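*Asks:* Handing you a structure now.
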Amino acid sequence: MKTNSDESKKNIDSLMISVSGVRGVVGETLTPELLTRFGAAFGTYMNGGCIVVGRDTRVSGAMVKHSVFAGLMSAGCQIIDIDVCPTPTCQVMIREAQADGGIVISASHNPVEWNALKFFGGDGIYLDFEQGKELLDIYYKGEFNKVPWNEIKVVEENPDALDVHLKMILEHVDVETVRKKKFKVVLDSCNGAGSVITPRLLETLGCEVIKIHCEPSGYFPHNPEPIFINLGDLSKMVKMSGADVGFAQDADADRIAVVSETGEILGEEYSLAMVADSVLSLRKGDIVVNLSTSRMVDDLARKYGTKVIRTKVGEVNVAKKIKEVGAVIGGEGNGGIIDPAYHLGRDSLVGIVLILEYMSREGLKISELAGRLKKYYMIKEKVGIRPGQHRRILEHFEKKHKKESMSLLDGVRVDWDDTWIHVRPSGTEPIVRVIAESGDPEKVKKLCAEAIAEIAAL
Ligand code: MG
């Protein structure tokens, strides 16, 4: 059995090609040749349409971008280059420019040596499973459109993407109410794509901004995943400065974690739950979340007399379901907030705005707002498996829990009164994720340890 730490040491199997995109380690598996081919495949899939391309701050970003450009241009695409910007900014720009699709160059929360391509349709939403499969078929067949020299288009550089995104957000915010509060905010953008736009947003909202790790250098001062172990600097600074709240973004600024005024790291599951509490108090409607999201949202649905609709893990699944059912809020428990009043992508800036509005409106501290939610204990683990082993693992859990309340939509999720477990094979890596939550910390520890031991024995 491999553990988390074993996994971070080796990059030998680092290339991951799936319907969700391509991800690899620069200098090892994510080569210019491969990237150009993916650019050509996407350009062919888009039939030489207009494509918005953005990237996070990673040092490898320029190399990746130019490799992808060559492929897109060879297939006759018109490129709109918005360069360094958050993933949600690119999603907004695809809609704004009425483009046919988009590519974001970012390995999101992965360590700095990784990079990746993420593909979007003209609606600003990630390609779904079927669309991703179609793109992969083109990639593997290698029959790419190639235009003659005089049909290659000039790249259009658009430096206004951050302004467009900010303007769109501010149109929805009660700016004056937030400004009056003069919040003191500490921001940790991990030197990623949120480093420039987020302080601008906070300053417009009248906040005093204390920036840590907001140099868009692409050298990450800590692992960019906004989870407990990476937020020590933020917690310390919030406490030291007497700030009202601290926010941490991942490298492409689609996820957000919150630190309370006491320096307590609330955990990324609280971001969506607090936002949902705020939105549902104003607008009646359903909540859409993935199967691994905390039960705090079920408590909220009961409180507001609405329902929770759960989807497979992955932003595209949540976004499309929100659109389909007309939900008022949704996202993923990992700090990915989707408010369809803004747009249908996970957006840390939207999350920040909604939390500051909530604090302003209620006149309460962030710890008091978090304290309104029932406390649960969640454990998220991953276990390395052999290729093909996942089927046996799922059959085991399905059989074991056949008498319990179960969902087989995405792996196996089993629900009890105040406890649940979700065993899900990753779509991109040879691992199984084990996520469990309970109101009782001992119960969740035991449940998780048992499941991991059972997986190892199979
Ligand atoms: Mg991300």
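Residues in the structure tokens are named by chain (A, B, ... in the order shown) and by number from 1 within that chain; ligands are numbered from 1 in the order shown.
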Could you tell me, counting only C-alpha atoms and all ligand atoms, which protein and nucleic acid residues lie no more than 7 Å from ligand 1, written as a PyMOL selection string?
*Replies:* chain A and resi 108-109+250-255
*Asks:* Can you pull out every residue within 6 Å of segment 266-271 of chain A, counting only C-alpha atoms, but drop anything in the same chain fewer than 4 positions away, and send it as a list in words?
*Replies:*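 Non-adjacent residues within range: Ala257, Val258, Val259, Gly333, Asn334 and Gly335 of chain A.
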*Asks:* Using backbone DSSP assignments, extract all strand (DSSP E) residues from segment 240-356 of chain A; output them as a list in words.
*Replies:* Val245, Gly246, Phe247, Ala248, Gln249, Ile256, Ala257, Val258, Val259, Ile287, Val288, Val289, Asn290, Val308, Ile309, Arg310, Thr311, Ile329, Gly330, Gly331, Glu332, Gly336, Ile337 and Ile338 of chain A
*Asks:* Using only C-alpha atoms, which residues sit within 12 Å of Leu15 of chain A once same-chain residues fewer than 5 positions away are excluded, as a PDB file with C-alpha atoms, in the first residue's frame?
*Replies:*
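In the end it all went to result10.pdb:
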ATOM      1  CA  LYS A  10       7.976   9.892  -7.301  1.00  0.00           C
ATOM      2  CA  GLY A  21      -7.585  17.090 -19.265  1.00  0.00           C
ATOM      3  CA  VAL A  22      -3.888  16.357 -19.226  1.00  0.00           C
ATOM      4  CA  ARG A  23      -1.587  16.759 -16.250  1.00  0.00           C
ATOM      5  CA  GLY A  24       2.093  16.000 -15.804  1.00  0.00           C
ATOM      6  CA  VAL A  25       5.458  17.052 -14.453  1.00  0.00           C
ATOM      7  CA  VAL A  26       7.281  19.628 -16.551  1.00  0.00           C
ATOM      8  CA  GLY A  27      10.657  18.390 -17.778  1.00  0.00           C
ATOM      9  CA  GLU A  28       9.577  14.787 -17.315  1.00  0.00           C
ATOM     10  CA  THR A  29       6.249  13.926 -18.879  1.00  0.00           C
ATOM     11  CA  LEU A  30       4.579  17.200 -19.795  1.00  0.00           C
ATOM     12  CA  THR A  31       6.640  17.900 -22.911  1.00  0.00           C
ATOM     13  CA  LEU A  34       2.670  16.460 -26.177  1.00  0.00           C
ATOM     14  CA  LEU A  35       1.256  19.917 -25.435  1.00  0.00           C
ATOM     15  CA  ALA A 107      -2.215  22.217 -12.294  1.00  0.00           C
ATOM     16  CA  TRP A 114       3.279  20.078 -12.204  1.00  0.00           C
ATOM     17  CA  ASN A 115       1.296  21.759 -14.934  1.00  0.00           C
ATOM     18  CA  ALA A 116      -1.861  20.848 -16.800  1.00  0.00           C
ATOM     19  CA  LEU A 117      -4.365  21.746 -19.498  1.00  0.00           C
ATOM     20  CA  THR A 428      -6.989  10.247 -13.205  1.00  0.00           C
ATOM     21  CA  GLU A 429      -4.666   8.448 -10.768  1.00  0.00           C
ATOM     22  CA  PRO A 430      -4.199   4.835  -9.565  1.00  0.00           C
TER      23      PRO A 430
END
*Asks:* Please identify all polymer residues within 9 Å of Ile138 of chain A, counting only C-alpha atoms, omitting same-chain residues fewer than 6 positions from it, and present them as a PDB file with N, CA and C atoms, in the first residue's frame.
*Replies:*
ATOM      1  N   ALA A  41      -5.283  18.921 -31.180  1.00  0.00           N
ATOM      2  CA  ALA A  41      -6.480  18.096 -30.989  1.00  0.00           C
ATOM      3  C   ALA A  41      -7.665  18.966 -30.567  1.00  0.00           C
ATOM      4  N   PHE A  42      -7.422  19.898 -29.638  1.00  0.00           N
ATOM      5  CA  PHE A  42      -8.521  20.763 -29.185  1.00  0.00           C
ATOM      6  C   PHE A  42      -8.958  21.710 -30.304  1.00  0.00           C
ATOM      7  N   THR A  44      -8.828  21.063 -33.429  1.00  0.00           N
ATOM      8  CA  THR A  44      -9.591  20.233 -34.370  1.00  0.00           C
ATOM      9  C   THR A  44     -10.991  19.997 -33.816  1.00  0.00           C
ATOM     10  N   TYR A  45     -11.053  19.661 -32.527  1.00  0.00           N
ATOM     11  CA  TYR A  45     -12.342  19.435 -31.861  1.00  0.00           C
ATOM     12  C   TYR A  45     -13.226  20.688 -31.970  1.00  0.00           C
ATOM     13  N   PHE A 144      -5.278  15.628 -37.164  1.00  0.00           N
ATOM     14  CA  PHE A 144      -5.592  17.009 -36.797  1.00  0.00           C
ATOM     15  C   PHE A 144      -5.828  17.876 -38.038  1.00  0.00           C
TER      16      PHE A 144
END
*Asks:* Can you pull out every residue within 6 Å of Thr36 of chain A, counting only C-alpha atoms, but drop anything in the same chain fewer than 3 positions away, and send it as a JSON list (two decimals) with C-alpha atoms, in the first residue's frame?
*Replies:*
[["chain", "number", "residue", "atom", "x", "y", "z"],
["A", 33, "GLU", "CA", 5.55, 17.90, -28.19],
["A", 39, "GLY", "CA", -3.46, 22.06, -28.75],
["A", 67, "SER", "CA", 3.47, 24.90, -27.12],
["A", 68, "VAL", "CA", -0.33, 24.86, -26.97],
["A", 70, "ALA", "CA", 1.39, 26.21, -31.93],
["A", 71, "GLY", "CA", -1.12, 23.36, -31.98]]
*Asks:* Please provide the set of residues having any atom within 9 Å of Leu162 of chain A, restricted to only C-alpha atoms, with same-chain residues fewer than 6 positions apart removed, written as a ChimeraX atom specification.
*Replies:* /A:82,85-86,89,196-197
*Asks:* Quick one: residues within 12 Å of Leu280 of chain A, only C-alpha atoms counted, chain neighbours fewer than 3 positions away excluded, as a PyMOL selection string?
*Replies:* chain A and resi 272-277+283-287+297+299-308+327-330+339+354+358
*Asks:* Only N, CA and C atoms, please: the residues just picked out, written as a PDB file, in the first residue's frame.
*Replies:*
ATOM      1  N   LEU A 272     -17.995  26.617   1.623  1.00  0.00           N
ATOM      2  CA  LEU A 272     -19.265  26.448   0.914  1.00  0.00           C
ATOM      3  C   LEU A 272     -20.447  26.481   1.887  1.00  0.00           C
ATOM      4  N   ALA A 273     -20.275  25.866   3.053  1.00  0.00           N
ATOM      5  CA  ALA A 273     -21.391  25.802   4.004  1.00  0.00           C
ATOM      6  C   ALA A 273     -21.790  27.206   4.474  1.00  0.00           C
ATOM      7  N   MET A 274     -20.813  28.047   4.786  1.00  0.00           N
ATOM      8  CA  MET A 274     -21.141  29.403   5.251  1.00  0.00           C
ATOM      9  C   MET A 274     -21.807  30.212   4.139  1.00  0.00           C
ATOM     10  N   VAL A 275     -21.270  30.063   2.933  1.00  0.00           N
ATOM     11  CA  VAL A 275     -21.850  30.774   1.791  1.00  0.00           C
ATOM     12  C   VAL A 275     -23.284  30.288   1.533  1.00  0.00           C
ATOM     13  N   ALA A 276     -23.490  28.974   1.635  1.00  0.00           N
ATOM     14  CA  ALA A 276     -24.834  28.426   1.400  1.00  0.00           C
ATOM     15  C   ALA A 276     -25.802  28.957   2.460  1.00  0.00           C
ATOM     16  N   ASP A 277     -25.339  29.061   3.701  1.00  0.00           N
ATOM     17  CA  ASP A 277     -26.186  29.586   4.778  1.00  0.00           C
ATOM     18  C   ASP A 277     -26.629  31.011   4.430  1.00  0.00           C
ATOM     19  N   ARG A 283     -32.352  33.671  -0.750  1.00  0.00           N
ATOM     20  CA  ARG A 283     -33.012  33.130  -1.947  1.00  0.00           C
ATOM     21  C   ARG A 283     -33.442  31.696  -1.698  1.00  0.00           C
ATOM     22  N   LYS A 284     -34.650  31.375  -2.067  1.00  0.00           N
ATOM     23  CA  LYS A 284     -35.140  30.004  -1.871  1.00  0.00           C
ATOM     24  C   LYS A 284     -34.752  29.160  -3.086  1.00  0.00           C
ATOM     25  N   GLY A 285     -34.212  27.983  -2.837  1.00  0.00           N
ATOM     26  CA  GLY A 285     -33.862  27.096  -3.948  1.00  0.00           C
ATOM     27  C   GLY A 285     -32.996  25.954  -3.474  1.00  0.00           C
ATOM     28  N   ASP A 286     -32.675  25.065  -4.402  1.00  0.00           N
ATOM     29  CA  ASP A 286     -31.912  23.867  -4.048  1.00  0.00           C
ATOM     30  C   ASP A 286     -30.411  24.136  -3.999  1.00  0.00           C
ATOM     31  N   ILE A 287     -29.709  23.184  -3.357  1.00  0.00           N
ATOM     32  CA  ILE A 287     -28.242  23.223  -3.287  1.00  0.00           C
ATOM     33  C   ILE A 287     -27.733  22.018  -4.073  1.00  0.00           C
ATOM     34  N   VAL A 297     -24.299  20.947   4.616  1.00  0.00           N
ATOM     35  CA  VAL A 297     -25.286  21.468   3.655  1.00  0.00           C
ATOM     36  C   VAL A 297     -26.649  20.775   3.809  1.00  0.00           C
ATOM     37  N   ASP A 299     -27.885  19.858   6.710  1.00  0.00           N
ATOM     38  CA  ASP A 299     -28.484  20.564   7.857  1.00  0.00           C
ATOM     39  C   ASP A 299     -29.109  21.879   7.395  1.00  0.00           C
ATOM     40  N   LEU A 300     -28.377  22.576   6.496  1.00  0.00           N
ATOM     41  CA  LEU A 300     -28.877  23.865   6.006  1.00  0.00           C
ATOM     42  C   LEU A 300     -30.146  23.685   5.171  1.00  0.00           C
ATOM     43  N   ALA A 301     -30.165  22.631   4.362  1.00  0.00           N
ATOM     44  CA  ALA A 301     -31.352  22.375   3.534  1.00  0.00           C
ATOM     45  C   ALA A 301     -32.566  22.162   4.439  1.00  0.00           C
ATOM     46  N   ARG A 302     -32.355  21.456   5.537  1.00  0.00           N
ATOM     47  CA  ARG A 302     -33.472  21.245   6.497  1.00  0.00           C
ATOM     48  C   ARG A 302     -33.901  22.581   7.093  1.00  0.00           C
ATOM     49  N   LYS A 303     -32.912  23.381   7.471  1.00  0.00           N
ATOM     50  CA  LYS A 303     -33.199  24.683   8.088  1.00  0.00           C
ATOM     51  C   LYS A 303     -34.036  25.572   7.161  1.00  0.00           C
ATOM     52  N   TYR A 304     -33.722  25.529   5.861  1.00  0.00           N
ATOM     53  CA  TYR A 304     -34.399  26.435   4.928  1.00  0.00           C
ATOM     54  C   TYR A 304     -35.507  25.749   4.119  1.00  0.00           C
ATOM     55  N   GLY A 305     -35.799  24.496   4.450  1.00  0.00           N
ATOM     56  CA  GLY A 305     -36.874  23.788   3.762  1.00  0.00           C
ATOM     57  C   GLY A 305     -36.616  23.583   2.287  1.00  0.00           C
ATOM     58  N   THR A 306     -35.364  23.249   1.966  1.00  0.00           N
ATOM     59  CA  THR A 306     -35.037  22.989   0.564  1.00  0.00           C
ATOM     60  C   THR A 306     -34.323  21.644   0.465  1.00  0.00           C
ATOM     61  N   LYS A 307     -33.782  21.308  -0.712  1.00  0.00           N
ATOM     62  CA  LYS A 307     -33.117  20.002  -0.764  1.00  0.00           C
ATOM     63  C   LYS A 307     -31.703  20.066  -1.355  1.00  0.00           C
ATOM     64  N   VAL A 308     -30.934  19.018  -1.017  1.00  0.00           N
ATOM     65  CA  VAL A 308     -29.578  18.894  -1.519  1.00  0.00           C
ATOM     66  C   VAL A 308     -29.578  17.874  -2.645  1.00  0.00           C
ATOM     67  N   ALA A 327     -30.676  25.521  -9.414  1.00  0.00           N
ATOM     68  CA  ALA A 327     -30.311  25.669  -7.992  1.00  0.00           C
ATOM     69  C   ALA A 327     -29.800  27.084  -7.726  1.00  0.00           C
ATOM     70  N   VAL A 328     -29.843  27.508  -6.451  1.00  0.00           N
ATOM     71  CA  VAL A 328     -29.395  28.870  -6.136  1.00  0.00           C
ATOM     72  C   VAL A 328     -27.948  28.918  -5.658  1.00  0.00           C
ATOM     73  N   ILE A 329     -27.416  27.768  -5.250  1.00  0.00           N
ATOM     74  CA  ILE A 329     -26.020  27.736  -4.791  1.00  0.00           C
ATOM     75  C   ILE A 329     -25.508  26.306  -4.924  1.00  0.00           C
ATOM     76  N   GLY A 330     -24.208  26.176  -5.050  1.00  0.00           N
ATOM     77  CA  GLY A 330     -23.647  24.837  -5.147  1.00  0.00           C
ATOM     78  C   GLY A 330     -22.134  24.891  -5.133  1.00  0.00           C
ATOM     79  N   ASP A 339     -21.814  30.147  -7.433  1.00  0.00           N
ATOM     80  CA  ASP A 339     -23.063  30.887  -7.281  1.00  0.00           C
ATOM     81  C   ASP A 339     -23.537  31.237  -8.689  1.00  0.00           C
ATOM     82  N   LEU A 354     -19.096  36.808  -1.073  1.00  0.00           N
ATOM     83  CA  LEU A 354     -20.291  36.308  -0.385  1.00  0.00           C
ATOM     84  C   LEU A 354     -20.054  36.225   1.121  1.00  0.00           C
ATOM     85  N   TYR A 358     -21.963  38.450   3.948  1.00  0.00           N
ATOM     86  CA  TYR A 358     -22.634  37.726   5.042  1.00  0.00           C
ATOM     87  C   TYR A 358     -22.236  38.340   6.388  1.00  0.00           C
TER      88      TYR A 358
END
*Asks:* Within 10 Å of segment 175-188 of chain A, which residues of segment 232-264 of chain A show up? Give each one with its shortest atom-to-atom distance in Å (one decimal) and the two atoms involved, counting only C-alpha atoms, rows by chain then rising residue number, as a Markdown table.
*Replies:*
| residue | atom | partner | partner_atom | distance |
| --- | --- | --- | --- | --- |
| A:Asp233 | CA | A:Asp188 | CA | 8.4 |
| A:Leu234 | CA | A:Asp188 | CA | 6.4 |
| A:Ser235 | CA | A:Val186 | CA | 9.0 |
| A:Met237 | CA | A:Val186 | CA | 7.1 |
| A:Val238 | CA | A:Val186 | CA | 6.1 |
| A:Lys239 | CA | A:Val186 | CA | 9.8 |
| A:Ser241 | CA | A:Val186 | CA | 8.5 |
| A:Gly242 | CA | A:Lys184 | CA | 7.9 |
| A:Ala243 | CA | A:Lys184 | CA | 4.8 |
| A:Asp244 | CA | A:Lys184 | CA | 5.4 |
| A:Val245 | CA | A:Val185 | CA | 5.3 |
| A:Gly246 | CA | A:Val186 | CA | 4.6 |
| A:Phe247 | CA | A:Leu187 | CA | 5.0 |
| A:Ala248 | CA | A:Asp188 | CA | 4.7 |
| A:Gln249 | CA | A:Asp188 | CA | 6.5 |
| A:Asp250 | CA | A:Asp188 | CA | 8.9 |
| A:Ile256 | CA | A:Asp188 | CA | 10.0 |
| A:Ala257 | CA | A:Asp188 | CA | 9.7 |
| A:Val258 | CA | A:Leu187 | CA | 9.7 |
| A:Val259 | CA | A:Val186 | CA | 9.0 |
| A:Glu261 | CA | A:Val185 | CA | 9.4 |
*Asks:* Could you jot down the atom CA of Ala457 of chain A to atom CA of Glu381 of chain A separation for me, Å, one decimal place?
*Replies:*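 Atom-to-atom, atom CA of Ala457 of chain A to atom CA of Glu381 of chain A, that is 16.5 Å.
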*Asks:* What is the atom CA of Gly124 of chain A-atom CA of Cys214 of chain A distance in Å, reported with one decimal?
*Replies:*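 Computed distance, atom CA of Gly124 of chain A to atom CA of Cys214 of chain A, equals 26.3 Å.
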*Asks:* Calculate how many Å separate atom CA of Ala449 of chain A from atom CA of Val412 of chain A, rounding to one decimal.
*Replies:*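 Between atom CA of Ala449 of chain A and atom CA of Val412 of chain A the gap works out to 16.4 Å.
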*Asks:* With segment 318-322 of chain A as the partner and 12 Å as the cut-off, tabulate the residues of segment 336-356 of chain A that qualify, each row holding the nearest pair of atoms and their distance in Å to one decimal, using only C-alpha atoms, sorted by chain and rising number, as a tab-separated table.
*Replies:*
residue	atom	partner	partner_atom	distance
A:Gly336	CA	A:Val318	CA	10.3
A:Ile337	CA	A:Ala319	CA	10.2
A:Ile338	CA	A:Ala319	CA	7.4
A:Asp339	CA	A:Ile322	CA	9.1
A:Pro340	CA	A:Ile322	CA	7.5
A:Ala341	CA	A:Ile322	CA	10.9
A:His343	CA	A:Ala319	CA	9.3
A:Leu344	CA	A:Ala319	CA	5.6
A:Gly345	CA	A:Ala319	CA	6.7
A:Arg346	CA	A:Ala319	CA	8.5
A:Asp347	CA	A:Ala319	CA	11.8
*Asks:* Based on the selection just made, write all heavy atoms of those residues as a PDB file, in the first residue's frame.
*Replies:*
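Once written, part.pdb looks like this:
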ATOM      1  N   GLY A 336     -14.669  24.960  -3.270  1.00  0.00           N
ATOM      2  CA  GLY A 336     -15.093  25.415  -4.595  1.00  0.00           C
ATOM      3  C   GLY A 336     -16.542  25.879  -4.553  1.00  0.00           C
ATOM      4  O   GLY A 336     -17.444  25.075  -4.412  1.00  0.00           O
ATOM      5  N   ILE A 337     -16.733  27.179  -4.665  1.00  0.00           N
ATOM      6  CA  ILE A 337     -18.080  27.756  -4.535  1.00  0.00           C
ATOM      7  C   ILE A 337     -18.596  28.174  -5.907  1.00  0.00           C
ATOM      8  O   ILE A 337     -17.913  28.889  -6.648  1.00  0.00           O
ATOM      9  CB  ILE A 337     -18.026  28.977  -3.598  1.00  0.00           C
ATOM     10  CG1 ILE A 337     -17.791  28.493  -2.161  1.00  0.00           C
ATOM     11  CG2 ILE A 337     -19.300  29.820  -3.685  1.00  0.00           C
ATOM     12  CD1 ILE A 337     -17.228  29.535  -1.258  1.00  0.00           C
ATOM     13  N   ILE A 338     -19.812  27.731  -6.222  1.00  0.00           N
ATOM     14  CA  ILE A 338     -20.442  28.152  -7.486  1.00  0.00           C
ATOM     15  C   ILE A 338     -21.746  28.858  -7.139  1.00  0.00           C
ATOM     16  O   ILE A 338     -22.669  28.249  -6.602  1.00  0.00           O
ATOM     17  CB  ILE A 338     -20.751  26.951  -8.410  1.00  0.00           C
ATOM     18  CG1 ILE A 338     -19.485  26.133  -8.698  1.00  0.00           C
ATOM     19  CG2 ILE A 338     -21.387  27.435  -9.715  1.00  0.00           C
ATOM     20  CD1 ILE A 338     -19.717  24.879  -9.529  1.00  0.00           C
ATOM     21  N   ASP A 339     -21.814  30.147  -7.433  1.00  0.00           N
ATOM     22  CA  ASP A 339     -23.063  30.887  -7.281  1.00  0.00           C
ATOM     23  C   ASP A 339     -23.537  31.237  -8.689  1.00  0.00           C
ATOM     24  O   ASP A 339     -22.931  32.082  -9.365  1.00  0.00           O
ATOM     25  CB  ASP A 339     -22.835  32.160  -6.457  1.00  0.00           C
ATOM     26  CG  ASP A 339     -24.146  32.910  -6.230  1.00  0.00           C
ATOM     27  OD1 ASP A 339     -25.115  32.683  -6.993  1.00  0.00           O
ATOM     28  OD2 ASP A 339     -24.206  33.733  -5.306  1.00  0.00           O
ATOM     29  N   PRO A 340     -24.607  30.573  -9.152  1.00  0.00           N
ATOM     30  CA  PRO A 340     -25.029  30.780 -10.547  1.00  0.00           C
ATOM     31  C   PRO A 340     -25.495  32.200 -10.843  1.00  0.00           C
ATOM     32  O   PRO A 340     -25.601  32.568 -12.018  1.00  0.00           O
ATOM     33  CB  PRO A 340     -26.183  29.781 -10.717  1.00  0.00           C
ATOM     34  CG  PRO A 340     -26.658  29.477  -9.338  1.00  0.00           C
ATOM     35  CD  PRO A 340     -25.481  29.635  -8.432  1.00  0.00           C
ATOM     36  N   ALA A 341     -25.731  33.012  -9.800  1.00  0.00           N
ATOM     37  CA  ALA A 341     -26.080  34.413 -10.054  1.00  0.00           C
ATOM     38  C   ALA A 341     -24.878  35.136 -10.677  1.00  0.00           C
ATOM     39  O   ALA A 341     -25.034  36.141 -11.365  1.00  0.00           O
ATOM     40  CB  ALA A 341     -26.484  35.099  -8.752  1.00  0.00           C
ATOM     41  N   HIS A 343     -21.679  33.212 -12.146  1.00  0.00           N
ATOM     42  CA  HIS A 343     -21.418  32.364 -13.323  1.00  0.00           C
ATOM     43  C   HIS A 343     -21.321  30.930 -12.856  1.00  0.00           C
ATOM     44  O   HIS A 343     -21.328  30.658 -11.649  1.00  0.00           O
ATOM     45  CB  HIS A 343     -20.157  32.819 -14.084  1.00  0.00           C
ATOM     46  CG  HIS A 343     -18.872  32.637 -13.328  1.00  0.00           C
ATOM     47  ND1 HIS A 343     -17.966  31.662 -13.628  1.00  0.00           N
ATOM     48  CD2 HIS A 343     -18.342  33.293 -12.265  1.00  0.00           C
ATOM     49  CE1 HIS A 343     -16.937  31.740 -12.790  1.00  0.00           C
ATOM     50  NE2 HIS A 343     -17.138  32.727 -11.957  1.00  0.00           N
ATOM     51  N   LEU A 344     -21.198  30.016 -13.824  1.00  0.00           N
ATOM     52  CA  LEU A 344     -21.273  28.592 -13.466  1.00  0.00           C
ATOM     53  C   LEU A 344     -19.886  27.949 -13.303  1.00  0.00           C
ATOM     54  O   LEU A 344     -19.631  26.868 -13.816  1.00  0.00           O
ATOM     55  CB  LEU A 344     -22.091  27.836 -14.519  1.00  0.00           C
ATOM     56  CG  LEU A 344     -23.606  28.010 -14.379  1.00  0.00           C
ATOM     57  CD1 LEU A 344     -24.330  27.494 -15.623  1.00  0.00           C
ATOM     58  CD2 LEU A 344     -24.125  27.276 -13.139  1.00  0.00           C
ATOM     59  N   GLY A 345     -19.006  28.637 -12.596  1.00  0.00           N
ATOM     60  CA  GLY A 345     -17.689  28.059 -12.324  1.00  0.00           C
ATOM     61  C   GLY A 345     -17.322  28.288 -10.870  1.00  0.00           C
ATOM     62  O   GLY A 345     -17.816  29.227 -10.233  1.00  0.00           O
ATOM     63  N   ARG A 346     -16.446  27.425 -10.345  1.00  0.00           N
ATOM     64  CA  ARG A 346     -15.972  27.627  -8.973  1.00  0.00           C
ATOM     65  C   ARG A 346     -15.121  28.900  -8.957  1.00  0.00           C
ATOM     66  O   ARG A 346     -14.244  29.076  -9.794  1.00  0.00           O
ATOM     67  CB  ARG A 346     -15.115  26.443  -8.516  1.00  0.00           C
ATOM     68  CG  ARG A 346     -15.848  25.121  -8.563  1.00  0.00           C
ATOM     69  CD  ARG A 346     -15.035  24.016  -7.945  1.00  0.00           C
ATOM     70  NE  ARG A 346     -13.696  23.927  -8.517  1.00  0.00           N
ATOM     71  CZ  ARG A 346     -12.818  22.983  -8.204  1.00  0.00           C
ATOM     72  NH1 ARG A 346     -13.127  22.054  -7.342  1.00  0.00           N
ATOM     73  NH2 ARG A 346     -11.631  22.959  -8.757  1.00  0.00           N
ATOM     74  N   ASP A 347     -15.386  29.771  -8.027  1.00  0.00           N
ATOM     75  CA  ASP A 347     -14.747  31.086  -8.065  1.00  0.00           C
ATOM     76  C   ASP A 347     -14.436  31.549  -6.644  1.00  0.00           C
ATOM     77  O   ASP A 347     -15.336  31.855  -5.863  1.00  0.00           O
ATOM     78  CB  ASP A 347     -15.695  32.076  -8.772  1.00  0.00           C
ATOM     79  CG  ASP A 347     -15.015  33.385  -9.126  1.00  0.00           C
ATOM     80  OD1 ASP A 347     -14.076  33.777  -8.412  1.00  0.00           O
ATOM     81  OD2 ASP A 347     -15.427  34.024 -10.116  1.00  0.00           O
TER      82      ASP A 347
END
*Asks:* Between A:Ser18, A:Thr419, A:Ser260, A:Ser348, which is the closest to Glu368 of chain A once you count only C-alpha atoms?
*Replies:*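 Closest candidate: A:Ser260.
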*Asks:* Go through A:Glu156, A:Asp418, A:Asp100, A:Asp128 and flag the residue nearest Met46 of chain A, using only C-alpha atoms for the distances.
*Replies:* A:Asp100
